[in-house]
Structure formats: C-alpha cells, structure tokens
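So this one's run_32.txt, compact mmCIF, C-alpha atoms:
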```txt
# COMPACT_ATOMS: atom_id res chain seq x y z
CA MET A 1 314.87 378.25 179.97
CA ASN A 2 314.17 374.92 181.67
CA ASP A 3 317.41 373.07 182.52
CA ASP A 4 315.73 370.09 184.20
CA PRO A 5 317.11 367.02 182.35
CA ALA A 6 313.94 365.01 183.07
CA ASP A 7 311.82 367.72 181.44
CA ARG A 8 314.12 367.82 178.40
CA ILE A 9 313.90 364.04 178.04
CA ALA A 10 310.11 364.08 178.30
CA LYS A 11 309.85 366.85 175.70
CA TRP A 12 312.11 364.99 173.27
CA LEU A 13 310.12 361.76 173.60
CA VAL A 14 306.80 363.36 172.64
CA GLY A 15 307.90 366.19 170.34
CA GLU A 16 307.32 369.92 170.40
CA ARG A 17 303.51 370.07 170.50
CA LEU A 18 300.99 369.09 173.16
CA ALA A 19 299.98 365.50 172.52
CA CYS A 20 297.63 362.71 173.52
CA VAL A 21 300.03 360.15 174.97
CA LEU A 22 299.58 356.44 175.68
CA HIS A 23 302.05 355.47 178.42
CA LEU A 24 302.36 351.69 178.74
CA GLY A 25 302.94 350.94 182.40
CA ASP A 26 302.66 353.34 185.33
CA GLY A 27 305.58 355.59 186.16
CA ALA A 28 306.87 359.04 187.01
CA LEU A 29 307.28 360.00 183.35
CA ALA A 30 303.51 359.83 182.86
CA TYR A 31 303.00 362.34 185.67
CA ARG A 32 305.69 364.66 184.32
CA LEU A 33 304.07 364.65 180.88
CA SER A 34 300.70 365.44 182.44
CA ALA A 35 302.28 368.36 184.31
CA GLN A 36 303.62 369.65 180.98
CA GLY A 37 300.07 369.82 179.66
CA HIS A 38 299.84 366.58 177.67
CA GLU A 39 296.76 364.34 177.83
CA VAL A 40 298.08 361.08 179.28
CA VAL A 41 296.57 357.60 179.38
CA VAL A 42 298.36 354.93 181.44
CA ALA A 43 297.60 351.37 180.34
CA GLY A 44 298.88 347.94 181.33
CA ASP A 45 298.04 344.50 182.63
CA ASP A 46 298.97 345.58 186.17
CA VAL A 47 297.04 348.86 186.24
CA THR A 48 294.65 348.49 189.18
CA VAL A 49 294.43 351.94 190.78
CA ALA A 50 294.40 355.57 189.69
CA ARG A 51 297.50 357.24 191.14
CA HIS A 52 297.21 360.71 189.60
CA PRO A 53 294.09 362.86 189.24
CA GLN A 54 295.05 364.24 185.82
CA VAL A 55 295.92 360.86 184.24
CA GLN A 56 293.44 358.35 182.79
CA TYR A 57 294.02 354.67 183.66
CA VAL A 58 293.06 351.64 181.58
CA ARG A 59 293.67 348.01 182.49
CA THR A 60 294.62 345.91 179.46
CA ALA A 61 295.01 342.18 178.86
CA GLY A 62 297.75 340.85 176.61
CA GLU A 63 299.22 342.56 173.56
CA ARG A 64 295.96 343.84 172.05
CA LEU A 65 295.14 347.42 173.04
CA PRO A 66 291.50 348.40 173.82
CA PHE A 67 291.58 351.63 171.80
CA VAL A 68 290.27 352.49 168.35
CA ALA A 69 292.72 353.21 165.54
CA ASP A 70 294.36 356.64 165.30
CA SER A 71 293.73 357.51 168.97
CA PHE A 72 297.15 358.78 170.09
CA ASP A 73 299.90 361.12 168.99
CA VAL A 74 302.55 359.25 170.98
CA VAL A 75 302.91 355.74 172.40
CA LEU A 76 305.58 355.38 175.09
CA VAL A 77 306.73 351.79 175.57
CA PRO A 78 309.27 350.13 177.90
CA ASP A 79 310.94 348.15 175.10
CA LEU A 80 310.81 348.33 171.30
CA ARG A 81 312.08 344.75 170.89
CA GLU A 82 308.50 343.59 171.10
CA ALA A 83 306.55 340.81 169.45
CA PRO A 84 305.10 341.67 166.01
CA THR A 85 301.55 341.78 167.39
CA ALA A 86 302.49 344.42 169.98
CA LEU A 87 304.30 346.55 167.40
CA ALA A 88 301.31 346.33 165.06
CA GLU A 89 299.07 347.51 167.92
CA TYR A 90 301.29 350.52 168.60
CA ALA A 91 301.14 351.45 164.93
CA ARG A 92 297.37 350.92 164.78
CA VAL A 93 296.50 353.23 167.67
CA LEU A 94 298.91 355.96 166.52
CA ARG A 95 297.64 358.81 164.41
CA PRO A 96 299.38 359.44 161.07
CA ASP A 97 302.92 360.74 161.70
CA GLY A 98 302.59 359.76 165.37
CA LEU A 99 305.60 358.73 167.46
CA VAL A 100 306.49 355.51 169.24
CA SER A 101 309.16 356.24 171.86
CA THR A 102 311.18 354.50 174.52
CA LEU A 103 314.06 355.24 176.86
CA ASP A 104 316.73 353.26 178.62
CA ARG A 105 318.88 354.38 181.55
CA THR A 106 322.40 353.28 182.48
CA HIS A 107 324.46 354.39 185.48
CA ASP A 108 328.12 355.36 185.75
CA GLU A 109 329.75 352.38 187.45
CA SER A 110 333.07 354.25 187.84
CA VAL A 111 331.73 356.37 190.73
CA PRO A 112 333.44 354.88 193.84
CA TRP A 113 330.32 354.49 196.01
CA VAL A 114 328.46 352.84 193.09
CA ARG A 115 331.24 350.23 192.81
CA LYS A 116 330.88 349.57 196.55
CA LEU A 117 327.11 349.28 196.14
CA ARG A 118 327.56 346.66 193.43
CA GLY A 119 329.75 344.70 195.83
CA ILE A 120 326.82 344.64 198.25
CA VAL A 121 323.84 344.01 195.99
CA GLY A 122 325.62 342.18 193.15
CA GLU A 123 326.26 342.96 189.52
CA ALA A 124 323.48 343.62 187.06
CA SER A 125 322.41 340.74 184.88
CA PRO A 126 324.00 340.98 181.42
CA ARG A 127 321.67 342.54 178.91
CA VAL A 128 320.50 340.21 176.19
CA THR A 129 320.08 341.81 172.79
CA GLY A 130 316.87 340.57 171.28
CA VAL A 131 315.88 340.16 167.66
CA ASP A 132 315.24 343.50 165.95
CA THR A 133 311.53 342.95 165.42
CA PHE A 134 311.04 346.73 165.43
CA GLY A 135 313.30 347.38 162.46
CA ALA A 136 311.92 344.41 160.59
CA SER A 137 308.27 345.31 161.13
CA GLY A 138 308.08 347.87 158.33
CA LEU A 139 305.56 349.83 160.40
CA PHE A 140 307.82 352.73 161.36
CA HIS A 141 310.24 355.10 159.70
CA GLU A 142 313.93 355.13 160.63
CA ALA A 143 314.42 355.68 164.34
CA GLU A 144 316.06 358.73 165.90
CA SER A 145 318.13 358.51 169.07
CA GLU A 146 319.34 360.98 171.67
CA GLU A 147 321.42 360.71 174.85
CA PHE A 148 320.97 362.77 177.99
CA ALA A 149 323.51 362.78 180.83
CA ALA A 150 322.83 364.17 184.29
CA TRP A 151 323.72 363.92 187.96
CA GLU A 152 321.06 362.96 190.49
CA GLN A 153 321.16 363.51 194.25
CA LEU A 154 319.96 360.56 196.33
CA ASP A 155 319.05 360.82 199.99
CA LEU A 156 318.73 357.58 201.97
CA ALA A 157 315.13 356.99 200.87
CA GLY A 158 316.11 357.66 197.24
CA LEU A 159 319.06 355.25 197.47
CA LEU A 160 316.89 352.48 198.89
CA GLN A 161 314.31 353.08 196.15
CA PHE A 162 317.10 352.94 193.55
CA VAL A 163 318.32 349.60 194.96
CA ARG A 164 314.84 348.08 195.01
CA ALA A 165 314.19 349.22 191.43
CA THR A 166 317.46 347.82 190.07
CA ARG A 167 317.53 344.69 192.26
CA PRO A 168 313.97 343.43 192.78
CA GLY A 169 313.61 341.12 195.75
CA VAL A 170 316.59 342.45 197.69
CA ASP A 171 316.45 341.23 201.30
CA ASP A 172 316.46 343.21 204.55
CA ALA A 173 320.03 342.21 205.47
CA THR A 174 321.31 343.62 202.20
CA LEU A 175 319.32 346.81 202.68
CA ALA A 176 320.92 347.21 206.11
CA ARG A 177 324.36 347.09 204.47
CA VAL A 178 323.16 349.67 201.93
CA ARG A 179 322.21 351.98 204.81
CA GLU A 180 325.70 351.54 206.26
CA LEU A 181 327.16 352.45 202.86
CA PHE A 182 325.08 355.61 202.78
CA ASP A 183 326.12 356.64 206.30
CA ALA A 184 329.80 356.10 205.43
CA ASN A 185 329.74 358.02 202.13
CA ALA A 186 327.14 360.75 202.63
CA SER A 187 328.45 362.23 205.87
CA GLY A 188 328.31 366.02 205.87
CA THR A 189 325.98 366.31 202.87
CA GLY A 190 323.08 363.95 203.52
CA PHE A 191 323.04 362.64 199.94
CA LEU A 192 325.00 360.69 197.34
CA ARG A 193 325.44 361.81 193.74
CA LEU A 194 324.61 359.34 190.97
CA ARG A 195 325.56 360.00 187.36
CA HIS A 196 323.30 358.40 184.79
CA ARG A 197 322.84 358.41 181.04
CA THR A 198 319.39 358.19 179.51
CA HIS A 199 319.15 356.91 175.95
CA GLY A 200 316.01 357.93 174.07
CA LEU A 201 314.69 356.31 170.89
CA ARG A 202 311.73 357.44 168.81
CA ALA A 203 310.29 356.71 165.37
CA ARG A 204 307.30 357.93 163.39
CA VAL A 205 304.65 355.48 162.31
CA ASP A 206 304.36 354.56 158.65
CA LYS A 207 300.68 354.01 157.91
CA SER A 208 301.21 353.32 154.20
CA SER A 209 301.66 349.58 154.66
CA MET A 210 298.77 349.09 157.07
CA THR A 211 295.44 347.56 156.11
CA PRO A 212 292.82 350.27 156.69
CA ASP A 213 289.93 347.88 157.27
CA ALA A 214 291.74 345.56 159.70
CA PRO A 215 289.29 344.40 162.43
CA PRO A 216 289.74 346.03 165.84
CA PRO A 217 290.48 343.88 168.90
CA ASP A 218 287.52 342.02 170.35
CA THR A 219 287.23 344.14 173.49
CA LEU A 220 285.85 347.41 174.79
CA LEU A 221 287.16 350.24 172.61
CA LEU A 222 287.96 353.57 174.20
CA ASP A 223 288.02 356.52 171.79
CA PHE A 224 290.32 359.41 172.81
CA ARG A 225 290.04 361.32 169.54
```
Whole structure, structure tokens version:
Amino acid sequence: MNDDPADRIAKWLVGERLACVLHLGDGALAYRLSAQGHEVVVAGDDVTVARHPQVQYVRTAGERLPFVADSFDVVLVPDLREAPTALAEYARVLRPDGLVSTLDRTHDESVPWVRKLRGIVGEASPRVTGVDTFGASGLFHEAESEEFAAWEQLDLAGLLQFVRATRPGVDDATLARVRELFDANASGTGFLRLRHRTHGLRARVDKSSMTPDAPPPDTLLLDFR
C-alpha cells in the first residue's frame, strides 16, 4: 500500500483509472502523474521549455485552449474561480464525465519555527474570495472536496525554495535571516518539519447544456484522442 500523501492526492484528483490529463501550468504534480502512468500535457502562457521527457508541452495564449473538444479525461487548474470563458474551455476539452480538479495548500502557522519565519518574511496576503463563477456556470456537476494532512521535511534548500514560492521577490538580506533561522532550529537533525493541509476539489463536467456545434478556437488544434 502506498502511504505517500502526494501520491494519494494525485490519485484523488484524477480518479481511479489511467487518464489523459491537461495540467495548466508547469509543476511537480504533472511529473508525479506521469510517473503514475497517466498521459500528461502541460499547457500555459509561460510554457517555453520541455522539462520532462514523458510530458508533452503546449504554449497557449489567453483563455482559449488549442485543443479539439473531448480531448482530455481530466483538466487540472490552479483556480476554479475563473472567468466564464476559461470555465467553458475546460468543459469543452473534457470528455463526457471528465473531471476538472484543483488543489490548495495551507500551512500550520502554530508550529514555532513557522511563526518565527513569518516574523522574518512577513505575513501572507489575506485571501480574497472571488465570485463563484464555477458554481454559477452550469457546466459542471456538484463539486466533491477532500482534505489531506501531512508533515514534510525541509532541508535548507527546501526551506529556501518554500520561502521563494510563498514570498515571490524576497531579497537576499531576508534569505540570510532565513538561513540563520534554519541553523538555529534544525541543529542535530539537518531539517525542519512543516505540517501542511492540502484541500482538493473536483467536479465532473455536464455536457448536457453545451452547444455541440460551437466553433473551436481560431488557432492550431492538437488532438489527443
């Protein structure tokens, strides 16, 4: 039995069967899904280089997706509070009964060294709840949610990567203080433990309300069927 939380999360996001997955934006999850045997396509405005030999890469422009209808079993997106055009594109490229999925990660701020870290790099910006365009779109069935909790071990390189990911643009002086924090709290072990919760959300597409003869986007269409 596989007890790796990241593997369990990935499996939940795409379902039980091997799937053709559209992953919007590059990231480690795409590589994990490929390793699990899924066919993975990474797409995004900022896709400029192929980073994994088993993953296909497509550079997009704007909200319209350069794929024919019914191309994917799963579309993984960074945020489901998207504009109506983007949501319609996700639904269009999904096969009947396909899944649109997303995940969001929060970290346990009660861990003492995490509180100290926040004192160095600053508090996170308050999250703004957007309009529920997803629920109002009528393109998907009722969403399912799941929460996964796990501890992660961070060495110094992992801690610095964590800081850069959560605080883009952090300066060198701040990173030097982060290194001092690591040295003071990781003595004897060589790592810090970070507890995080990952919230997954997925919903199946509802093709019944879609127009079957809607024109495809005016761009190169890539057929993965």
Just how far from atom CA of A:Arg193 is atom CA of A:Ala28, in Å to one decimal?
19.9 Å
Contacts of A:Trp12 at 10 Å (all atoms listed in the file; same-chain gap of 3+ positions) as a list of chain:residue names
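Everything that qualifies: A:Ala6, A:Asp7, A:Arg8, A:Ile9, A:Gly15, A:Glu16, A:Ser101, A:Ser145, A:Glu146, A:Gly200, A:Leu201, A:Arg202.
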Let's have the selection written as a CSV table (one decimal), in the coordinates of the input, with C-alpha atoms.
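Final output, out_25.csv:
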```
chain,number,residue,atom,x,y,z
A,6,ALA,CA,313.9,365.0,183.1
A,7,ASP,CA,311.8,367.7,181.4
A,8,ARG,CA,314.1,367.8,178.4
A,9,ILE,CA,313.9,364.0,178.0
A,15,GLY,CA,307.9,366.2,170.3
A,16,GLU,CA,307.3,369.9,170.4
A,101,SER,CA,309.2,356.2,171.9
A,145,SER,CA,318.1,358.5,169.1
A,146,GLU,CA,319.3,361.0,171.7
A,200,GLY,CA,316.0,357.9,174.1
A,201,LEU,CA,314.7,356.3,170.9
A,202,ARG,CA,311.7,357.4,168.8
```
Skipping near chain neighbours, those fewer than 6 positions away, what residues fall within 12 Å of A:Leu33 using all atoms listed in the file, listed as a list in words?
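Close residues of A:Leu33: Ala6, Asp7, Arg8, Ile9, Ala10, Lys11, Trp12, Leu13, Val14, Gly15, Arg17, Leu18, Ala19, Cys20, Val21, Leu22, His23, Gly27, Glu39, Val40, Val41, Val42, His52, Gln54, Val55, Val74 and Leu76 of chain A.
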Could those selected residues go to a file with C-alpha atoms, as a CSV table (one decimal), in the frame of the given file?
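Generated output (selection_36.csv):
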```csv
chain,number,residue,atom,x,y,z
A,6,ALA,CA,313.9,365.0,183.1
A,7,ASP,CA,311.8,367.7,181.4
A,8,ARG,CA,314.1,367.8,178.4
A,9,ILE,CA,313.9,364.0,178.0
A,10,ALA,CA,310.1,364.1,178.3
A,11,LYS,CA,309.8,366.8,175.7
A,12,TRP,CA,312.1,365.0,173.3
A,13,LEU,CA,310.1,361.8,173.6
A,14,VAL,CA,306.8,363.4,172.6
A,15,GLY,CA,307.9,366.2,170.3
A,17,ARG,CA,303.5,370.1,170.5
A,18,LEU,CA,301.0,369.1,173.2
A,19,ALA,CA,300.0,365.5,172.5
A,20,CYS,CA,297.6,362.7,173.5
A,21,VAL,CA,300.0,360.2,175.0
A,22,LEU,CA,299.6,356.4,175.7
A,23,HIS,CA,302.0,355.5,178.4
A,27,GLY,CA,305.6,355.6,186.2
A,39,GLU,CA,296.8,364.3,177.8
A,40,VAL,CA,298.1,361.1,179.3
A,41,VAL,CA,296.6,357.6,179.4
A,42,VAL,CA,298.4,354.9,181.4
A,52,HIS,CA,297.2,360.7,189.6
A,54,GLN,CA,295.0,364.2,185.8
A,55,VAL,CA,295.9,360.9,184.2
A,74,VAL,CA,302.6,359.2,171.0
A,76,LEU,CA,305.6,355.4,175.1
```
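Atom CA of A:Arg115 sits 15.0 Å away from atom CA of A:Ala186.
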Expressed in Å to a single decimal, how great is the separation between atom CA of A:Pro5 and atom CA of A:Ala149?
7.8 Å
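You can rank A:Pro84, A:Gly119, A:Pro78, A:Gly169 by their closest distance to A:Val100 using only C-alpha atoms, and at the top of that list sits A:Pro78.
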Shortest contact to A:Asp155, candidates A:Pro53, A:Gly25, A:Gly190, A:Gly138, atoms counted all atoms listed in the file, goes to A:Gly190
Counting all atoms listed in the file, the residue of A:Phe134, A:Phe148, A:Trp113, A:Phe140 that sits nearest A:Asp183
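Looking only at the distances to A:Asp183, the closest residue turns out to be A:Trp113.
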Kindly write N, CA and C atoms of stretch 82-112 of chain A from the structure just given to a file, as a JSON list (two decimals), in the first residue's frame.
```json
[["chain", "number", "residue", "atom", "x", "y", "z"],
["A", 82, "GLU", "N", -12.60, 31.06, -12.03],
["A", 82, "GLU", "CA", -12.10, 31.59, -13.28],
["A", 82, "GLU", "C", -13.19, 32.35, -14.03],
["A", 83, "ALA", "N", -12.77, 33.08, -15.04],
["A", 83, "ALA", "CA", -13.72, 33.77, -15.90],
["A", 83, "ALA", "C", -14.58, 32.75, -16.65],
["A", 84, "PRO", "N", -15.82, 33.13, -17.01],
["A", 84, "PRO", "CA", -16.70, 32.18, -17.71],
["A", 84, "PRO", "C", -16.08, 31.57, -18.97],
["A", 85, "THR", "N", -15.30, 32.35, -19.71],
["A", 85, "THR", "CA", -14.69, 31.81, -20.93],
["A", 85, "THR", "C", -13.74, 30.67, -20.61],
["A", 86, "ALA", "N", -12.93, 30.83, -19.56],
["A", 86, "ALA", "CA", -11.99, 29.77, -19.17],
["A", 86, "ALA", "C", -12.72, 28.52, -18.73],
["A", 87, "LEU", "N", -13.76, 28.67, -17.93],
["A", 87, "LEU", "CA", -14.54, 27.52, -17.48],
["A", 87, "LEU", "C", -15.19, 26.80, -18.65],
["A", 88, "ALA", "N", -15.69, 27.56, -19.62],
["A", 88, "ALA", "CA", -16.30, 26.95, -20.80],
["A", 88, "ALA", "C", -15.27, 26.17, -21.60],
["A", 89, "GLU", "N", -14.03, 26.66, -21.63],
["A", 89, "GLU", "CA", -12.96, 25.95, -22.33],
["A", 89, "GLU", "C", -12.61, 24.65, -21.62],
["A", 90, "TYR", "N", -12.56, 24.67, -20.29],
["A", 90, "TYR", "CA", -12.30, 23.42, -19.56],
["A", 90, "TYR", "C", -13.37, 22.39, -19.89],
["A", 91, "ALA", "N", -14.62, 22.83, -19.87],
["A", 91, "ALA", "CA", -15.72, 21.91, -20.15],
["A", 91, "ALA", "C", -15.66, 21.40, -21.59],
["A", 92, "ARG", "N", -15.28, 22.27, -22.52],
["A", 92, "ARG", "CA", -15.25, 21.88, -23.93],
["A", 92, "ARG", "C", -14.23, 20.80, -24.21],
["A", 93, "VAL", "N", -13.03, 20.93, -23.61],
["A", 93, "VAL", "CA", -11.97, 19.97, -23.93],
["A", 93, "VAL", "C", -12.07, 18.68, -23.11],
["A", 94, "LEU", "N", -12.96, 18.66, -22.11],
["A", 94, "LEU", "CA", -13.16, 17.44, -21.33],
["A", 94, "LEU", "C", -14.05, 16.46, -22.06],
["A", 95, "ARG", "N", -13.74, 15.19, -21.92],
["A", 95, "ARG", "CA", -14.61, 14.15, -22.43],
["A", 95, "ARG", "C", -15.82, 14.01, -21.53],
["A", 96, "PRO", "N", -16.92, 13.44, -22.02],
["A", 96, "PRO", "CA", -18.10, 13.24, -21.17],
["A", 96, "PRO", "C", -17.72, 12.53, -19.87],
["A", 97, "ASP", "N", -18.23, 13.05, -18.76],
["A", 97, "ASP", "CA", -17.95, 12.55, -17.42],
["A", 97, "ASP", "C", -16.53, 12.84, -16.97],
["A", 98, "GLY", "N", -15.80, 13.69, -17.70],
["A", 98, "GLY", "CA", -14.45, 14.05, -17.30],
["A", 98, "GLY", "C", -14.43, 14.95, -16.08],
["A", 99, "LEU", "N", -13.25, 15.07, -15.46],
["A", 99, "LEU", "CA", -13.10, 15.81, -14.22],
["A", 99, "LEU", "C", -12.32, 17.11, -14.42],
["A", 100, "VAL", "N", -12.78, 18.17, -13.78],
["A", 100, "VAL", "CA", -11.96, 19.36, -13.59],
["A", 100, "VAL", "C", -11.58, 19.36, -12.11],
["A", 101, "SER", "N", -10.29, 19.56, -11.82],
["A", 101, "SER", "CA", -9.80, 19.43, -10.45],
["A", 101, "SER", "C", -8.85, 20.57, -10.11],
["A", 102, "THR", "N", -8.75, 20.84, -8.81],
["A", 102, "THR", "CA", -7.80, 21.84, -8.34],
["A", 102, "THR", "C", -7.41, 21.49, -6.92],
["A", 103, "LEU", "N", -6.33, 22.07, -6.44],
["A", 103, "LEU", "CA", -5.95, 21.89, -5.04],
["A", 103, "LEU", "C", -5.37, 23.17, -4.50],
["A", 104, "ASP", "N", -5.46, 23.29, -3.18],
["A", 104, "ASP", "CA", -4.99, 24.48, -2.48],
["A", 104, "ASP", "C", -4.29, 24.01, -1.21],
["A", 105, "ARG", "N", -3.15, 24.58, -0.90],
["A", 105, "ARG", "CA", -2.38, 24.14, 0.26],
["A", 105, "ARG", "C", -2.26, 25.27, 1.28],
["A", 106, "THR", "N", -2.48, 24.92, 2.55],
["A", 106, "THR", "CA", -2.26, 25.85, 3.66],
["A", 106, "THR", "C", -1.26, 25.21, 4.62],
["A", 107, "HIS", "N", -0.60, 26.02, 5.42],
["A", 107, "HIS", "CA", 0.43, 25.53, 6.32],
["A", 107, "HIS", "C", 0.06, 25.86, 7.76],
["A", 108, "ASP", "N", 0.47, 24.99, 8.66],
["A", 108, "ASP", "CA", 0.16, 25.13, 10.08],
["A", 108, "ASP", "C", 1.02, 26.24, 10.67],
["A", 109, "GLU", "N", 0.39, 27.37, 10.95],
["A", 109, "GLU", "CA", 1.12, 28.53, 11.46],
["A", 109, "GLU", "C", 1.41, 28.42, 12.95],
["A", 110, "SER", "N", 0.90, 27.37, 13.63],
["A", 110, "SER", "CA", 1.14, 27.22, 15.06],
["A", 110, "SER", "C", 2.50, 26.59, 15.37],
["A", 111, "VAL", "N", 3.16, 26.01, 14.36],
["A", 111, "VAL", "CA", 4.49, 25.44, 14.56],
["A", 111, "VAL", "C", 5.45, 26.58, 14.91],
["A", 112, "PRO", "N", 6.19, 26.48, 16.02],
["A", 112, "PRO", "CA", 7.01, 27.62, 16.49],
["A", 112, "PRO", "C", 7.94, 28.20, 15.44]]
```
